[in-house]
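Okay, protein33.txt now, which holds compact mmCIF, C-alpha atoms and all ligand atoms:
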# COMPACT_ATOMS: atom_id res chain seq x y z
CA MET Z 249 115.84 60.07 129.88
CA PRO Z 250 117.36 60.11 126.40
CA ASP Z 251 119.33 63.10 125.24
CA ALA Z 252 117.37 65.75 123.40
CA CYS Z 253 117.65 65.42 119.64
CA PRO Z 254 119.94 67.91 117.82
CA GLU Z 255 116.91 69.61 116.36
CA ALA Z 256 115.46 70.28 119.80
CA LYS Z 257 118.81 71.63 121.00
CA ARG Z 258 118.98 73.90 117.99
CA TYR Z 259 115.49 75.08 118.80
CA GLU Z 260 116.41 75.83 122.41
CA ARG Z 261 119.50 77.77 121.40
CA SER Z 262 117.68 79.85 118.84
CA GLY Z 263 115.01 80.91 121.31
CA GLU Z 264 112.33 80.34 118.74
CA ARG Z 265 108.86 79.92 119.95
CA ARG Z 266 106.57 77.02 119.29
CA LEU Z 267 102.91 77.55 119.64
CA ASN Z 268 100.83 75.00 121.44
CA SER Z 269 98.53 73.06 119.28
CA VAL Z 270 95.45 70.97 119.80
CA ASN Z 271 95.04 70.18 116.15
CA PRO Z 272 96.58 66.85 115.10
CA ASP Z 273 96.81 67.99 111.45
CA ASN Z 274 98.54 71.15 112.44
CA LEU Z 275 101.67 71.94 110.48
CA TYR Z 276 103.09 73.85 113.42
CA ASP Z 277 102.84 70.84 115.68
CA ASP Z 278 105.51 69.24 113.55
CA ARG Z 279 108.77 69.30 115.49
CA ASP Z 280 110.70 70.25 112.36
CA VAL Z 281 108.76 73.46 112.04
CA HIS Z 282 109.82 76.38 114.17
CA LEU Z 283 108.36 79.82 114.01
CA PRO Z 284 110.56 82.85 114.60
CA SER Z 285 109.35 84.47 117.80
CA SER Z 286 109.33 88.02 116.50
CA GLY Z 287 109.44 90.07 113.33
CA TRP Z 288 106.08 88.94 111.97
CA ARG Z 289 103.98 91.39 110.05
CA CYS Z 290 100.31 91.04 109.27
CA GLU Z 291 99.66 91.33 105.54
CA ARG Z 292 95.91 91.09 105.58
CA LEU Z 293 92.89 90.12 107.56
CA ILE Z 294 90.65 87.48 106.04
CA PRO Z 295 87.08 87.85 107.24
CA PHE Z 296 84.83 84.78 107.27
CA PRO Z 297 87.32 82.50 105.49
CA GLU Z 298 85.82 79.75 103.42
CA GLY Z 299 86.90 76.14 103.37
CA ASP Z 300 89.54 75.20 105.88
CA GLY Z 301 89.35 78.35 107.92
CA SER Z 302 91.14 77.11 110.98
CA CYS Z 303 94.01 78.69 112.86
CA GLN Z 304 97.26 77.10 111.76
CA ALA Z 305 98.73 77.33 115.24
CA CYS Z 306 96.00 76.30 117.66
CA GLY Z 307 93.61 74.65 115.22
CA LYS Z 308 90.66 76.69 116.42
CA ARG Z 309 87.65 76.63 114.11
CA PRO Z 310 85.28 77.87 112.85
CA ILE Z 311 86.88 81.22 112.83
CA ARG Z 312 85.56 84.66 111.78
CA TYR Z 313 88.81 86.43 111.14
CA LEU Z 314 92.16 84.97 110.14
CA HIS Z 315 95.29 87.11 110.33
CA GLU Z 316 97.76 86.35 107.58
CA LEU Z 317 101.26 86.90 108.93
CA ARG Z 318 104.50 86.91 107.03
CA HIS Z 319 108.12 86.74 108.12
CA ALA Z 320 111.26 87.56 106.15
CA ASN Z 321 112.90 84.27 107.23
CA TYR Z 322 109.91 82.07 106.70
CA ASP Z 323 108.88 80.93 103.26
CA LYS Z 324 105.08 80.89 103.54
CA PRO Z 325 102.54 83.17 105.15
CA ILE Z 326 100.74 81.66 108.12
CA ARG Z 327 97.09 82.15 108.99
CA LEU Z 328 96.30 82.60 112.63
CA CYS Z 329 93.41 83.33 114.94
CA THR Z 330 93.43 86.62 116.84
CA GLY Z 331 94.80 85.03 120.01
CA CYS Z 332 97.76 83.44 118.24
CA ALA Z 333 98.48 86.53 116.13
CA ARG Z 334 98.74 88.50 119.39
CA LYS Z 335 101.60 86.26 120.46
CA LEU Z 336 103.68 86.77 117.33
CA GLU Z 337 103.14 90.39 116.40
CA ALA Z 338 105.33 93.09 117.92
CA ASP Z 339 102.34 94.98 119.29
CA PRO Z 340 100.00 92.53 121.03
CA ARG Z 341 97.14 95.02 120.65
CA ALA Z 342 97.37 95.08 116.85
CA ALA Z 343 95.36 91.92 116.19
CA ARG Z 344 92.44 93.02 118.32
CA TRP Z 345 92.46 96.48 116.75
CA ARG Z 346 92.44 94.93 113.30
CA VAL Z 347 89.37 92.85 114.06
CA ASN Z 348 87.54 95.72 115.74
CA ASP Z 349 88.32 98.04 112.81
CA ALA Z 350 87.07 95.47 110.31
CA ARG Z 351 83.81 95.05 112.24
CA ASP Z 352 83.38 98.79 112.56
CA GLU Z 353 84.03 99.31 108.86
CA ALA Z 354 81.57 96.61 107.77
CA LYS Z 355 78.87 98.02 110.02
CA MET Z 356 79.37 101.61 108.87
CA ARG Z 357 79.57 100.66 105.23
CA ALA Z 358 76.29 98.76 105.47
CA HIS Z 359 74.54 101.76 107.01
CA TRP Z 360 76.32 104.50 105.10
CA ARG Z 361 73.26 105.74 103.24
CA GLU Z 362 71.13 105.73 106.35
CA GLN Z 363 73.45 108.10 108.16
CA ASN Z 364 72.19 111.51 109.05
CA TRP Z 365 72.65 113.07 105.59
CA TRP Z 366 71.34 116.53 105.03
CA ILE Z 367 70.30 117.41 101.47
CA SER Z 368 70.50 121.07 100.58
CA GLU Z 369 68.33 122.93 98.09
CA ASN Z 370 71.14 122.58 95.57
CA GLN Z 371 71.01 118.82 95.98
CA ASN Z 372 74.30 118.69 97.77
CA TRP Z 373 74.54 115.90 100.29
CA TYR Z 374 76.18 116.76 103.59
CA LEU Z 375 77.18 114.48 106.41
CA ARG Z 376 79.03 115.14 109.64
CA ILE Z 377 80.52 111.90 110.90
CA ARG Z 378 83.27 111.01 113.39
CA GLY Z 379 84.75 114.45 113.10
CA PHE Z 380 84.76 114.53 109.28
CA GLY Z 381 82.62 116.53 106.90
CA VAL Z 382 81.49 114.64 103.81
CA THR Z 383 79.96 116.48 100.87
CA LEU Z 384 78.54 114.78 97.81
CA TYR Z 385 77.64 116.96 94.84
CA GLU Z 386 76.64 116.80 91.22
CA THR Z 387 79.15 118.33 88.82
CA ARG Z 388 78.22 120.55 85.87
CA ASN Z 389 78.37 117.67 83.42
CA GLY Z 390 76.03 115.55 85.50
CA SER Z 391 78.57 113.25 87.13
CA TRP Z 392 79.06 113.02 90.89
CA ALA Z 393 82.03 113.85 93.09
CA PHE Z 394 82.70 114.46 96.77
CA PHE Z 395 84.76 116.22 99.37
CA ILE Z 396 86.09 114.78 102.61
CA ASP Z 397 86.59 117.91 104.69
CA HIS Z 398 88.32 120.20 102.17
CA ARG Z 399 89.87 117.46 100.09
CA GLN Z 400 88.20 116.88 96.75
CA SER Z 401 87.84 113.42 95.23
CA SER Z 402 90.35 112.81 92.45
CA ASP Z 403 87.70 111.07 90.30
CA THR Z 404 84.17 111.80 89.28
CA TYR Z 405 81.49 109.13 89.09
CA ASP Z 406 78.71 108.55 86.59
CA ALA Z 407 76.22 107.42 89.17
CA TRP Z 408 75.28 108.82 92.54
CA ASP Z 409 75.63 105.47 94.30
CA GLU Z 410 79.12 104.95 92.91
CA ALA Z 411 80.16 108.32 94.30
CA MET Z 412 78.48 107.44 97.58
CA ALA Z 413 80.46 104.20 97.87
CA ALA Z 414 83.71 105.92 96.91
CA ALA Z 415 83.04 108.63 99.49
CA PHE Z 416 82.79 105.95 102.16
CA ASP Z 417 86.12 104.44 101.11
CA ALA Z 418 87.79 107.84 101.16
CA PHE Z 419 86.25 108.73 104.53
CA TRP Z 420 87.34 105.42 106.03
CA GLN Z 421 90.86 105.78 104.72
CA ARG Z 422 91.17 109.24 106.24
CA ARG Z 423 89.71 108.08 109.50
CA MET Z 424 92.03 105.08 109.78
CA ARG Z 425 95.04 107.27 109.09
CA ASP Z 426 94.09 109.45 112.06
CA VAL Z 427 93.34 106.44 114.25
CA GLU Z 428 96.65 104.78 113.41
CA ALA Z 429 98.59 107.97 114.05
CA GLN Z 430 96.94 108.21 117.44
CA ARG Z 431 97.75 104.61 118.28
CA ALA Z 432 101.38 105.08 117.28
CA ARG Z 433 101.75 108.03 119.64
CA PRO Z 434 103.42 107.01 122.89
CA LYS Z 435 101.12 107.15 125.86
CA LYS Z 436 101.78 110.04 128.21
CA ALA Z 437 102.81 108.85 131.61
CA ASN Z 438 100.54 110.08 134.34
CA THR Z 439 102.94 112.07 136.49
CA LYS Z 440 100.34 114.04 138.37
CA VAL Z 441 100.44 112.90 141.96
CA MET Z 442 98.08 114.24 144.55
CA LEU Z 443 100.11 115.02 147.63
CA PRO Z 444 98.57 115.43 151.06
CA LYS Z 445 98.98 118.90 152.53
CA PRO Z 446 101.51 119.08 155.35
CA LYS Z 447 99.88 119.06 158.76
CA GLY Z 448 100.95 120.53 162.07
CA ASP Z 449 103.41 123.23 162.84
CA ARG Z 450 106.66 121.59 161.84
CA ASP Z 451 109.26 123.69 160.16
CA TRP Z 452 108.75 122.34 156.63
CA ALA Z 453 111.09 124.85 155.11
CA ARG Z 454 113.87 123.67 157.40
CA LEU Z 455 113.21 120.03 156.46
CA ASP Z 456 113.43 121.01 152.81
CA ARG Z 457 116.77 122.68 153.42
CA GLU Z 458 118.09 119.64 155.27
CA PHE Z 459 116.93 117.42 152.48
CA ALA Z 460 118.71 119.60 149.93
CA GLU Z 461 121.91 119.28 151.98
CA MET Z 462 121.46 115.52 152.05
CA LEU Z 463 121.26 115.45 148.27
CA GLY Z 464 124.29 117.69 147.97
CA ASN Z 465 124.41 121.40 147.41
CA ASP Z 466 124.29 121.13 143.66
CA HIS Z 467 120.59 120.19 144.02
CA ALA Z 468 119.75 123.02 146.38
ZN ZN W 501 95.06 80.17 117.12

Kindly present the structure from the file in structure tokens form.
Amino acid sequence: MPDACPEAKRYERSGERRLNSVNPDNLYDDRDVHLPSSGWRCERLIPFPEGDGSCQACGKRPIRYLHELRHANYDKPIRLCTGCARKLEADPRAARWRVNDARDEAKMRAHWREQNWWISENQNWYLRIRGFGVTLYETRNGSWAFFIDHRQSSDTYDAWDEAMAAAFDAFWQRRMRDVEAQRARPKKANTKVMLPKPKGDRDWARLDREFAEMLGNDHA
């Protein structure tokens, strides 16, 4: 067997990761191209990409969502499928969350007006959704504005449907901020253990004392 080429040795030393590829045109199948194995950050999600919407690592196509990842030590962004993005991002759950959030957003946006709005006598529009209160109202000069909970929109809108669309954006932004904060929180370890009750007539207190002696008196 011939010696490995210097490039391959360099690759081994650096611990960089190469993604497997089934696509013969794939840039990342080129042995001169090595991807850093960590430190990638997703810049945006591209839904339903047009043209050559294939994953640049595994070549999968057609693809519904491409994740555009960037790295400080790599000159171009790379576009990956969800499975390949999982392998490069620090949190392997991030790619799946991103896709699920995008789907959820598109669905809610499409049905925003058909939500369970309640219109008051004063023509205020109220909606309770995912723990948020949305209020759409007409201002004195005939424009429209809204509240998300107690936070007033910074702009007013000439048309009702503009305000409606802006209210969705504001609601979604608030919701995602909460969701992301929750995801960033470390998971509590489940330390509750159900212990069986001691049976029989053994002297449990004595055993406890002996155990404390075993550990050393500082634990007693
Ligand atoms: Zn892929």

Subject >> Residues within 7 Å of ligand ZN 501 (chain W), counting all atoms listed in the file, as an MDAnalysis selection string >> reply: chainID Z and resid 303:308 328:332

**OP:** Name all residues at most 9 Å from stretch 412-417 of chain Z (count all atoms listed in the file; drop same-chain ones fewer than 5 positions away) and give them as a ChimeraX atom specification.
**Re:** /Z:356-357,360-361,382-384,392-396,401,405,407,422

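Interatomic distance, atom CA of Z:Ser391 to atom CA of Z:Trp408: 7.7 Å.
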
**OP:** Tell me which protein, DNA and RNA residues are within 12 Å of stretch 290-298 of chain Z, counting all atoms listed in the file, leaving out same-chain ones fewer than 2 positions away, and put them as an NGL selection string.
**Re:** :Z and (286-288 or 300-303 or 309-320 or 324-330 or 333-334 or 336-340 or 342-351 or 353-354)

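Picture a line from atom CA of Z:Phe380 to atom CA of Z:Arg399; it runs 10.9 Å.
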
Subject >> atom CA of Z:Asp409 to atom CA of Z:Asp397, distance in Å rounded to a single decimal >> reply: 19.6 Å

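Across Z:Tyr385, Z:Phe459, Z:Tyr322, Z:Phe419, the tightest approach to Z:Trp366 is made by Z:Tyr385 when counting only C-alpha atoms.
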
Original post:
From the set Z:Asp456, Z:Asp403, Z:Asp352, Z:Glu386, which residue has the shortest atom-to-atom contact distance to Z:Ser368, counting all atoms listed in the file?
Top reply: Z:Glu386
